$ cat start25.cif   # mmCIF, C-alpha atoms
data_input
loop_
_atom_site.label_atom_id
_atom_site.label_comp_id
_atom_site.auth_asym_id
_atom_site.auth_seq_id
_atom_site.Cartn_x
_atom_site.Cartn_y
_atom_site.Cartn_z
CA MET A 1 20.81 87.59 28.91
CA LEU A 2 22.00 90.27 31.31
CA VAL A 3 22.92 89.66 34.96
CA LEU A 4 23.01 92.64 37.34
CA VAL A 5 25.09 92.07 40.46
CA ALA A 6 26.06 94.06 43.57
CA PRO A 7 29.36 93.71 45.47
CA GLY A 8 29.86 93.02 49.15
CA GLN A 9 31.79 94.59 51.98
CA GLY A 10 35.44 95.34 51.31
CA ALA A 11 34.71 96.85 47.88
CA GLN A 12 34.49 100.37 49.34
CA THR A 13 37.36 102.87 49.03
CA PRO A 14 37.67 106.42 50.40
CA GLY A 15 35.84 108.98 48.27
CA PHE A 16 34.32 106.44 45.89
CA LEU A 17 30.89 108.10 45.99
CA THR A 18 32.19 111.57 45.06
CA PRO A 19 31.75 111.46 41.24
CA TRP A 20 28.33 109.83 41.52
CA LEU A 21 26.98 112.74 43.57
CA GLU A 22 27.63 115.05 40.62
CA LEU A 23 24.88 113.33 38.59
CA PRO A 24 21.48 115.06 38.39
CA GLY A 25 19.33 114.26 41.42
CA ALA A 26 21.94 112.02 43.05
CA ALA A 27 22.77 114.29 45.99
CA ASP A 28 19.07 114.73 46.81
CA ARG A 29 18.51 110.98 46.71
CA ILE A 30 21.47 110.30 48.99
CA ALA A 31 20.30 113.04 51.38
CA ALA A 32 16.82 111.49 51.60
CA TRP A 33 18.26 108.04 52.29
CA SER A 34 20.61 109.52 54.89
CA ASP A 35 17.65 111.06 56.72
CA ALA A 36 15.73 107.79 56.55
CA ILE A 37 18.49 105.72 58.18
CA GLY A 38 20.18 108.33 60.40
CA LEU A 39 23.56 108.13 58.69
CA ASP A 40 25.32 110.81 56.62
CA LEU A 41 26.00 108.74 53.51
CA ALA A 42 27.40 111.70 51.55
CA HIS A 43 30.01 112.38 54.22
CA TYR A 44 31.11 108.77 54.48
CA GLY A 45 31.14 108.29 50.72
CA THR A 46 33.19 111.42 49.99
CA LYS A 47 35.23 112.58 53.00
CA ALA A 48 35.70 109.63 55.37
CA ASP A 49 38.99 107.74 55.51
CA ALA A 50 39.52 104.02 55.03
CA ASP A 51 39.18 103.20 58.73
CA GLU A 52 35.89 105.07 59.05
CA ILE A 53 34.29 103.27 56.11
CA ARG A 54 35.68 99.94 57.28
CA ASP A 55 33.23 100.18 60.20
CA THR A 56 30.60 97.56 59.47
CA ALA A 57 27.74 99.82 60.57
CA VAL A 58 28.85 102.42 57.99
CA ALA A 59 30.17 100.25 55.15
CA GLN A 60 27.04 98.18 54.65
CA PRO A 61 24.44 100.93 54.08
CA LEU A 62 27.03 102.92 52.13
CA LEU A 63 27.57 100.03 49.71
CA VAL A 64 23.86 99.41 49.23
CA ALA A 65 23.20 103.12 48.65
CA ALA A 66 26.03 103.30 46.08
CA GLY A 67 24.69 100.24 44.27
CA LEU A 68 21.17 101.63 44.11
CA LEU A 69 22.39 105.06 42.99
CA SER A 70 24.58 103.70 40.21
CA ALA A 71 21.86 101.34 38.95
CA ALA A 72 19.39 104.23 38.80
CA ALA A 73 21.92 106.18 36.74
CA LEU A 74 21.83 103.45 34.09
CA GLY A 75 18.23 104.34 33.26
CA ASP A 76 15.76 101.68 32.17
CA VAL A 77 17.37 98.28 32.80
CA SER A 78 15.64 94.90 32.47
CA PRO A 79 18.12 92.28 33.66
CA GLY A 80 17.29 88.63 33.32
CA VAL A 81 18.82 87.88 36.72
CA VAL A 82 19.86 89.87 39.79
CA ALA A 83 22.13 88.80 42.63
CA GLY A 84 24.42 90.28 45.24
CA HIS A 85 27.43 89.12 47.18
CA SER A 86 26.80 89.14 50.95
CA VAL A 87 25.44 92.62 51.82
CA GLY A 88 24.98 93.09 48.06
CA GLU A 89 21.99 90.77 48.38
CA PHE A 90 20.10 93.68 49.94
CA THR A 91 20.84 95.78 46.86
CA ALA A 92 19.69 92.90 44.67
CA ALA A 93 16.48 92.52 46.69
CA ALA A 94 15.69 96.14 45.85
CA PHE A 95 16.56 95.56 42.18
CA ALA A 96 14.10 92.66 42.18
CA GLY A 97 11.33 94.74 43.76
CA VAL A 98 11.19 92.59 46.91
CA LEU A 99 11.90 95.69 49.03
CA ASP A 100 11.80 99.34 48.09
CA ASP A 101 15.06 101.27 48.30
CA THR A 102 14.36 102.84 51.68
CA ALA A 103 13.21 99.56 53.25
CA ALA A 104 16.34 97.82 51.99
CA LEU A 105 18.55 100.57 53.41
CA ARG A 106 16.78 100.57 56.78
CA LEU A 107 17.14 96.81 57.08
CA VAL A 108 20.80 96.89 56.07
CA ARG A 109 21.45 99.70 58.54
CA THR A 110 20.05 97.43 61.25
CA ARG A 111 22.19 94.59 59.90
CA GLY A 112 25.37 96.66 59.97
CA LEU A 113 24.80 97.84 63.53
CA ALA A 114 23.94 94.33 64.74
CA MET A 115 26.95 92.77 63.01
CA ALA A 116 29.27 95.46 64.40
CA GLU A 117 27.95 94.69 67.86
CA ALA A 118 28.48 90.96 67.33
CA ALA A 119 31.98 91.58 65.94
CA ALA A 120 32.91 93.52 69.08
CA ILE A 121 32.46 90.43 71.26
CA THR A 122 35.59 88.72 69.90
CA ALA A 123 38.43 90.05 67.73
CA THR A 124 37.70 88.43 64.39
CA GLY A 125 38.30 89.01 60.68
CA MET A 126 38.40 87.55 57.19
CA SER A 127 41.16 86.70 54.71
CA ALA A 128 40.97 85.76 51.03
CA LEU A 129 42.90 82.71 49.88
CA LEU A 130 44.10 82.89 46.30
CA GLY A 131 44.63 79.60 44.51
CA GLY A 132 44.30 76.08 45.81
CA ASP A 133 41.70 73.33 45.53
CA PRO A 134 38.54 73.74 47.65
CA GLU A 135 38.61 70.03 48.48
CA VAL A 136 42.00 70.58 50.10
CA THR A 137 41.48 74.11 51.40
CA VAL A 138 38.18 73.70 53.25
CA PRO A 139 39.31 70.77 55.48
CA HIS A 140 42.54 72.67 56.21
CA LEU A 141 40.55 75.70 57.35
CA GLU A 142 38.36 73.52 59.55
CA LYS A 143 41.48 72.02 61.13
CA LEU A 144 42.53 75.55 62.12
CA GLY A 145 39.06 76.34 63.49
CA LEU A 146 38.26 78.66 60.59
CA THR A 147 35.13 78.79 58.39
CA ALA A 148 35.04 78.96 54.59
CA ALA A 149 32.73 81.98 54.82
CA ASN A 150 32.76 82.82 51.10
CA VAL A 151 33.26 80.24 48.37
CA ASN A 152 33.63 82.61 45.45
CA GLY A 153 34.71 80.31 42.63
CA ALA A 154 37.65 80.88 40.27
CA GLY A 155 40.01 79.55 42.93
CA GLN A 156 39.05 82.01 45.67
CA ILE A 157 37.83 81.13 49.15
CA VAL A 158 37.51 83.57 52.05
CA ALA A 159 38.32 82.27 55.51
CA ALA A 160 36.80 83.79 58.64
CA GLY A 161 37.52 83.39 62.32
CA THR A 162 39.45 84.88 65.21
CA LEU A 163 42.55 86.96 64.56
CA GLU A 164 44.64 84.22 66.18
CA GLN A 165 43.20 81.61 63.81
CA LEU A 166 43.85 83.87 60.82
CA ALA A 167 47.45 84.39 61.97
CA ALA A 168 47.85 80.61 62.14
CA LEU A 169 46.55 80.41 58.56
CA GLU A 170 49.21 82.90 57.41
CA ALA A 171 51.85 80.61 58.90
CA ASP A 172 50.26 77.40 57.64
CA LYS A 173 48.69 77.90 54.20
CA PRO A 174 46.75 75.06 52.57
CA GLU A 175 48.58 73.27 49.78
CA GLY A 176 48.31 75.18 46.50
CA VAL A 177 47.29 78.51 48.05
CA ARG A 178 49.54 81.27 46.68
CA ARG A 179 48.55 84.14 48.95
CA VAL A 180 46.46 84.98 51.99
CA VAL A 181 45.10 88.55 51.87
CA ALA A 182 43.43 90.21 54.87
CA LEU A 183 40.14 91.87 53.88
CA LYS A 184 38.87 95.35 54.80
CA VAL A 185 36.14 94.06 57.07
CA ALA A 186 35.71 94.26 60.82
CA GLY A 187 34.52 90.79 61.73
CA ALA A 188 34.09 87.12 60.87
CA PHE A 189 30.98 87.54 58.76
CA HIS A 190 28.93 84.53 57.63
CA THR A 191 30.08 82.43 60.59
CA HIS A 192 28.73 81.45 64.01
CA HIS A 193 30.35 84.63 65.38
CA MET A 194 27.47 86.58 63.79
CA ALA A 195 24.67 84.55 65.40
CA PRO A 196 23.63 87.40 67.76
CA ALA A 197 22.91 89.60 64.72
CA VAL A 198 20.48 87.07 63.26
CA ALA A 199 18.01 87.50 66.13
CA THR A 200 18.10 91.30 65.73
CA LEU A 201 17.41 91.03 62.00
CA GLU A 202 14.58 88.57 62.55
CA GLU A 203 12.81 91.16 64.70
CA ALA A 204 13.40 93.94 62.18
CA ALA A 205 12.15 91.79 59.31
CA LYS A 206 8.76 91.36 60.99
CA GLU A 207 7.99 94.99 60.10
CA LEU A 208 8.46 94.38 56.37
CA SER A 209 5.92 93.56 53.64
CA PRO A 210 8.09 91.95 50.96
CA ALA A 211 6.79 91.58 47.41
CA ALA A 212 7.45 88.72 45.02
CA PRO A 213 10.56 89.30 42.89
CA VAL A 214 9.79 90.80 39.47
CA THR A 215 13.18 89.56 38.21
CA ARG A 216 14.89 86.23 38.84
CA TYR A 217 16.69 86.57 42.17
CA VAL A 218 19.60 84.20 42.77
CA SER A 219 20.43 83.50 46.42
CA ASN A 220 23.86 83.26 48.04
CA LYS A 221 22.66 80.39 50.20
CA ASP A 222 22.61 77.76 47.47
CA GLY A 223 22.65 79.53 44.11
CA GLN A 224 18.95 78.88 43.61
CA VAL A 225 16.36 81.21 42.08
CA VAL A 226 13.96 82.37 44.83
CA THR A 227 10.47 83.35 43.71
CA ASP A 228 8.83 84.23 47.05
CA GLY A 229 9.46 87.63 48.65
CA ALA A 230 9.15 86.38 52.22
CA GLU A 231 11.67 83.65 51.46
CA VAL A 232 14.10 86.23 50.03
CA VAL A 233 13.90 88.20 53.29
CA ALA A 234 14.27 85.05 55.40
CA ARG A 235 17.45 84.25 53.47
CA LEU A 236 18.73 87.82 53.94
CA VAL A 237 18.35 87.32 57.67
CA GLY A 238 19.97 83.89 57.79
CA GLN A 239 22.91 84.63 55.48
CA VAL A 240 24.53 86.82 58.16
CA ALA A 241 25.72 83.66 59.91
CA ASN A 242 25.92 81.30 56.90
CA PRO A 243 28.51 80.98 54.11
CA VAL A 244 28.18 82.84 50.81
CA ARG A 245 28.18 80.41 47.87
CA TRP A 246 28.97 82.78 45.03
CA ASP A 247 30.37 79.84 43.08
CA LEU A 248 26.88 78.31 42.98
CA CYS A 249 25.35 81.66 41.99
CA MET A 250 27.67 81.82 38.98
CA GLU A 251 26.79 78.25 38.02
CA THR A 252 23.14 79.33 37.98
CA PHE A 253 23.94 82.38 35.85
CA GLN A 254 25.55 80.03 33.36
CA GLU A 255 22.64 77.57 33.41
CA LEU A 256 20.19 80.43 32.78
CA GLY A 257 22.15 81.52 29.73
CA ALA A 258 24.00 84.62 30.94
CA THR A 259 25.79 86.49 28.17
CA ALA A 260 26.62 89.73 30.01
CA LEU A 261 27.17 90.87 33.59
CA ILE A 262 27.15 94.40 35.03
CA GLU A 263 28.45 95.01 38.55
CA VAL A 264 27.08 98.15 40.20
CA CYS A 265 29.23 100.62 42.15
CA PRO A 266 31.77 100.07 43.63
CA GLY A 267 32.31 97.47 40.92
CA GLY A 268 35.38 95.39 40.21
CA THR A 269 35.47 92.41 42.55
CA LEU A 270 32.65 90.35 41.05
CA THR A 271 33.53 91.19 37.46
CA GLY A 272 37.08 90.07 38.21
CA ILE A 273 35.81 86.70 39.41
CA ALA A 274 33.40 86.43 36.46
CA LYS A 275 36.18 86.98 33.93
CA ARG A 276 37.87 83.85 35.27
CA ALA A 277 34.80 81.73 36.04
CA LEU A 278 32.41 82.73 33.22
CA PRO A 279 34.46 82.77 30.02
CA GLY A 280 32.61 84.36 27.12
CA VAL A 281 30.38 86.47 29.36
CA ALA A 282 30.88 90.19 28.68
CA THR A 283 31.38 92.30 31.83
CA VAL A 284 31.31 95.94 32.90
CA ALA A 285 32.11 97.21 36.39
CA LEU A 286 30.58 100.54 37.43
CA LYS A 287 33.44 102.24 39.25
CA THR A 288 32.69 105.84 38.22
CA PRO A 289 30.03 107.48 36.02
CA ASP A 290 32.55 107.22 33.18
CA ASP A 291 31.61 103.53 33.01
CA LEU A 292 27.91 104.19 32.38
CA ASP A 293 28.16 104.41 28.59
CA ALA A 294 29.90 101.03 28.33
CA ALA A 295 27.25 99.53 30.60
CA ARG A 296 24.41 101.01 28.54
CA THR A 297 25.96 99.58 25.39
CA LEU A 298 26.07 96.17 27.05
CA ILE A 299 22.42 96.52 28.10
CA ALA A 300 21.38 97.36 24.54
CA GLU A 301 23.18 94.30 23.18
CA HIS A 302 21.94 91.78 25.77
CA ALA A 303 18.18 91.99 26.18
CA ALA A 304 16.55 90.23 29.13
CA VAL A 305 15.08 86.79 28.53
#
$ encode --input "start25.cif" --output "structure tokens"
Amino acid sequence: MLVLVAPGQGAQTPGFLTPWLELPGAADRIAAWSDAIGLDLAHYGTKADADEIRDTAVAQPLLVAAGLLSAAALGDVSPGVVAGHSVGEFTAAAFAGVLDDTAALRLVRTRGLAMAEAAAITATGMSALLGGDPEVTVPHLEKLGLTAANVNGAGQIVAAGTLEQLAALEADKPEGVRRVVALKVAGAFHTHHMAPAVATLEEAAKELSPAAPVTRYVSNKDGQVVTDGAEVVARLVGQVANPVRWDLCMETFQELGATALIEVCPGGTLTGIAKRALPGVATVALKTPDDLDAARTLIAEHAAV
């Protein structure tokens, strides 16, 4: 059984979209999406530097567009499950047919702008903690005033809070944590700092007509399969200020019988976690079009159930 997943913010790197735009029809598709959301996706995906694409309002639609473009390049895919990490949930919602591509991109453009505005209120950020026991790490973060914003499994938790709180974490790591790595994001996502963005998204979501998922959609909120389109959208709105439980998503993949996992562009982060947390599950990360053949082979070998 094949799982198709989409990465979250921080996965982007300068120029990562360049080789994808060489595929037939890709440039036209990106141009149409750019017009629909008022953002030059081709420019940001090919010519912008790391600081420019770190901007939340840019990074989020850019990541969703890249995920949709790379999935389309795979051809006919029938995954048994779809899911996304943080903003990748918007990509997954399009995979599942809950929203069409343009609607997903318009909503994520609104999300990125609203979260950038919320992030500007206070200087905040996120850092990944490598190693350690969640039962020890989470209380330690709470003691420092930080939130365990992403519980990713395989020994990785992402802390979020003010820059001062993150500096205190660097100086006072939880027992067992080997490293603290600052992430390429511009705010404390999935925490109370993002509450102002939730209200903006709630208003934007009223304009949508979501459809029921045609593929099992696994939610970041609790790792559960969501079968109602309106509920998927409600969770997309709420997850801005709530933790991402990717560990629970992977538990669900396992319970549903996952045998293979493909991570759409810019792949690498989620396949890396899966290699540690889902032993025996074959993985392919779509980093460039050179990875498409390996992904198609995986698709042929792992039919949807």
$ resolve_selection --input "start25.cif" --expression "the PyMOL selection byres ((chain A and resi 162-174) around 12)" --output "VMD selection string"
chain A and resid 119 to 148 157 to 161 175 to 183 186 to 189 191 to 193
$ residues_around --input "start25.cif" --residues "Leu256 (chain A)" --least-positions-apart "5" --cutoff "12 Å" --atoms "only C-alpha atoms" --output "PyMOL selection string"
chain A and resi 1-3+80-82+216-218+223-225+249-251+304-305
$ resolve_selection --input "start25.cif" --expression "the PyMOL selection byres ((chain A and resi 242) around 10)" --output "number ranges by chain"
A: 86, 147-150, 189-192, 194-195, 220-221, 235, 237-241, 243-245
$ residues_around --input "start25.cif" --residues "Ala274 (chain A)" --least-positions-apart "2" --cutoff "10 Å" --atoms "all atoms listed in the file" --output "short mmCIF file (atom, residue, chain, number, x, y, z; two decimals) with C-alpha atoms, in the coordinates of the input"
data_model
loop_
_atom_site.label_atom_id
_atom_site.label_comp_id
_atom_site.auth_asym_id
_atom_site.auth_seq_id
_atom_site.Cartn_x
_atom_site.Cartn_y
_atom_site.Cartn_z
CA ASN A 152 33.63 82.61 45.45
CA GLY A 153 34.71 80.31 42.63
CA ALA A 154 37.65 80.88 40.27
CA ASP A 247 30.37 79.84 43.08
CA MET A 250 27.67 81.82 38.98
CA ALA A 260 26.62 89.73 30.01
CA LEU A 261 27.17 90.87 33.59
CA GLY A 268 35.38 95.39 40.21
CA THR A 269 35.47 92.41 42.55
CA LEU A 270 32.65 90.35 41.05
CA THR A 271 33.53 91.19 37.46
CA GLY A 272 37.08 90.07 38.21
CA ARG A 276 37.87 83.85 35.27
CA ALA A 277 34.80 81.73 36.04
CA LEU A 278 32.41 82.73 33.22
CA PRO A 279 34.46 82.77 30.02
CA GLY A 280 32.61 84.36 27.12
CA VAL A 281 30.38 86.47 29.36
CA ALA A 282 30.88 90.19 28.68
CA THR A 283 31.38 92.30 31.83
#
$ atom_distance --input "start25.cif" --atom1 "CA of Val232 (chain A)" --atom2 "CA of Ser34 (chain A)"
24.7 Å
$ resolve_selection --input "start25.cif" --expression "the PyMOL selection byres ((chain A and resi 286-289) around 7)" --output "PyMOL selection string"
chain A and resi 19-20+263-267+284-285+290-292
$ closest_residue --input "start25.cif" --among "A:Val151, A:Val5, A:Leu21, A:Ala50" --to "Asp222 (chain A)" --atoms "all atoms listed in the file"
A:Val151
$ atom_distance --input "start25.cif" --atom1 "CA of Gln9 (chain A)" --atom2 "CA of Leu68 (chain A)"
15.0 Å
$ closest_residue --input "start25.cif" --among "A:Leu201, A:Thr252, A:Ala11, A:Ala104" --to "Phe90 (chain A)" --atoms "all atoms listed in the file"
A:Ala104
$ residues_around --input "start25.cif" --residues "Ala27 (chain A)" --least-positions-apart "5" --cutoff "10 Å" --atoms "only C-alpha atoms" --output "list in words"
Thr18, Trp20, Leu21, Glu22, Ala32, Trp33, Leu41, Ala42 and Leu69 of chain A
$ atom_distance --input "start25.cif" --atom1 "CA of Lys184 (chain A)" --atom2 "CA of Asp40 (chain A)"
20.6 Å
$ closest_residue --input "start25.cif" --among "A:Leu74, A:Val87, A:Ala65, A:Ile53" --to "Arg296 (chain A)" --atoms "all atoms listed in the file"
A:Leu74
$ decode --input "start25.cif" --residues "region 157-176 of chain A" --atoms "N, CA, C and O atoms" --output "PDB file, in the first residue's frame"
ATOM      1  N   ILE A 157      11.690  16.217  17.854  1.00  0.00           N
ATOM      2  CA  ILE A 157      10.645  17.155  18.267  1.00  0.00           C
ATOM      3  C   ILE A 157      11.095  18.546  17.827  1.00  0.00           C
ATOM      4  O   ILE A 157      12.290  18.861  17.877  1.00  0.00           O
ATOM      5  N   VAL A 158      10.158  19.378  17.397  1.00  0.00           N
ATOM      6  CA  VAL A 158      10.469  20.755  17.037  1.00  0.00           C
ATOM      7  C   VAL A 158       9.841  21.676  18.069  1.00  0.00           C
ATOM      8  O   VAL A 158       8.641  21.612  18.327  1.00  0.00           O
ATOM      9  N   ALA A 159      10.700  22.509  18.663  1.00  0.00           N
ATOM     10  CA  ALA A 159      10.248  23.477  19.659  1.00  0.00           C
ATOM     11  C   ALA A 159       9.975  24.815  18.988  1.00  0.00           C
ATOM     12  O   ALA A 159      10.650  25.192  18.023  1.00  0.00           O
ATOM     13  N   ALA A 160       8.985  25.535  19.495  1.00  0.00           N
ATOM     14  CA  ALA A 160       8.651  26.839  18.941  1.00  0.00           C
ATOM     15  C   ALA A 160       8.372  27.822  20.069  1.00  0.00           C
ATOM     16  O   ALA A 160       7.804  27.464  21.104  1.00  0.00           O
ATOM     17  N   GLY A 161       8.765  29.069  19.836  1.00  0.00           N
ATOM     18  CA  GLY A 161       8.548  30.112  20.825  1.00  0.00           C
ATOM     19  C   GLY A 161       9.312  31.365  20.460  1.00  0.00           C
ATOM     20  O   GLY A 161       9.726  31.542  19.308  1.00  0.00           O
ATOM     21  N   THR A 162       9.528  32.229  21.421  1.00  0.00           N
ATOM     22  CA  THR A 162      10.254  33.472  21.151  1.00  0.00           C
ATOM     23  C   THR A 162      11.737  33.166  20.950  1.00  0.00           C
ATOM     24  O   THR A 162      12.241  32.114  21.365  1.00  0.00           O
ATOM     25  N   LEU A 163      12.433  34.086  20.315  1.00  0.00           N
ATOM     26  CA  LEU A 163      13.864  33.890  20.077  1.00  0.00           C
ATOM     27  C   LEU A 163      14.627  33.793  21.401  1.00  0.00           C
ATOM     28  O   LEU A 163      15.608  33.057  21.508  1.00  0.00           O
ATOM     29  N   GLU A 164      14.165  34.522  22.402  1.00  0.00           N
ATOM     30  CA  GLU A 164      14.808  34.443  23.728  1.00  0.00           C
ATOM     31  C   GLU A 164      14.620  33.048  24.331  1.00  0.00           C
ATOM     32  O   GLU A 164      15.561  32.484  24.918  1.00  0.00           O
ATOM     33  N   GLN A 165      13.424  32.491  24.196  1.00  0.00           N
ATOM     34  CA  GLN A 165      13.169  31.149  24.726  1.00  0.00           C
ATOM     35  C   GLN A 165      13.997  30.099  23.987  1.00  0.00           C
ATOM     36  O   GLN A 165      14.514  29.163  24.598  1.00  0.00           O
ATOM     37  N   LEU A 166      14.141  30.281  22.671  1.00  0.00           N
ATOM     38  CA  LEU A 166      14.943  29.337  21.897  1.00  0.00           C
ATOM     39  C   LEU A 166      16.426  29.446  22.242  1.00  0.00           C
ATOM     40  O   LEU A 166      17.147  28.442  22.254  1.00  0.00           O
ATOM     41  N   ALA A 167      16.887  30.649  22.549  1.00  0.00           N
ATOM     42  CA  ALA A 167      18.273  30.828  22.986  1.00  0.00           C
ATOM     43  C   ALA A 167      18.498  30.134  24.325  1.00  0.00           C
ATOM     44  O   ALA A 167      19.550  29.513  24.562  1.00  0.00           O
ATOM     45  N   ALA A 168      17.494  30.212  25.201  1.00  0.00           N
ATOM     46  CA  ALA A 168      17.598  29.528  26.499  1.00  0.00           C
ATOM     47  C   ALA A 168      17.656  28.022  26.303  1.00  0.00           C
ATOM     48  O   ALA A 168      18.359  27.312  27.035  1.00  0.00           O
ATOM     49  N   LEU A 169      16.947  27.520  25.305  1.00  0.00           N
ATOM     50  CA  LEU A 169      16.976  26.088  25.001  1.00  0.00           C
ATOM     51  C   LEU A 169      18.371  25.657  24.542  1.00  0.00           C
ATOM     52  O   LEU A 169      18.851  24.585  24.921  1.00  0.00           O
ATOM     53  N   GLU A 170      19.011  26.480  23.716  1.00  0.00           N
ATOM     54  CA  GLU A 170      20.370  26.178  23.263  1.00  0.00           C
ATOM     55  C   GLU A 170      21.312  26.013  24.455  1.00  0.00           C
ATOM     56  O   GLU A 170      22.196  25.149  24.457  1.00  0.00           O
ATOM     57  N   ALA A 171      21.098  26.852  25.465  1.00  0.00           N
ATOM     58  CA  ALA A 171      21.977  26.824  26.643  1.00  0.00           C
ATOM     59  C   ALA A 171      21.570  25.761  27.653  1.00  0.00           C
ATOM     60  O   ALA A 171      22.361  25.398  28.529  1.00  0.00           O
ATOM     61  N   ASP A 172      20.360  25.252  27.524  1.00  0.00           N
ATOM     62  CA  ASP A 172      19.833  24.304  28.514  1.00  0.00           C
ATOM     63  C   ASP A 172      19.043  23.215  27.788  1.00  0.00           C
ATOM     64  O   ASP A 172      17.825  23.202  27.799  1.00  0.00           O
ATOM     65  N   LYS A 173      19.758  22.307  27.125  1.00  0.00           N
ATOM     66  CA  LYS A 173      19.107  21.241  26.358  1.00  0.00           C
ATOM     67  C   LYS A 173      18.490  20.205  27.293  1.00  0.00           C
ATOM     68  O   LYS A 173      19.042  19.918  28.352  1.00  0.00           O
ATOM     69  N   PRO A 174      17.365  19.606  26.878  1.00  0.00           N
ATOM     70  CA  PRO A 174      16.808  18.497  27.657  1.00  0.00           C
ATOM     71  C   PRO A 174      17.779  17.318  27.679  1.00  0.00           C
ATOM     72  O   PRO A 174      18.571  17.130  26.743  1.00  0.00           O
ATOM     73  N   GLU A 175      17.711  16.539  28.716  1.00  0.00           N
ATOM     74  CA  GLU A 175      18.567  15.365  28.835  1.00  0.00           C
ATOM     75  C   GLU A 175      18.373  14.433  27.638  1.00  0.00           C
ATOM     76  O   GLU A 175      17.241  14.143  27.239  1.00  0.00           O
ATOM     77  N   GLY A 176      19.471  14.002  27.032  1.00  0.00           N
ATOM     78  CA  GLY A 176      19.422  13.077  25.908  1.00  0.00           C
ATOM     79  C   GLY A 176      19.374  13.730  24.544  1.00  0.00           C
ATOM     80  O   GLY A 176      19.559  13.056  23.530  1.00  0.00           O
TER      81      GLY A 176
END
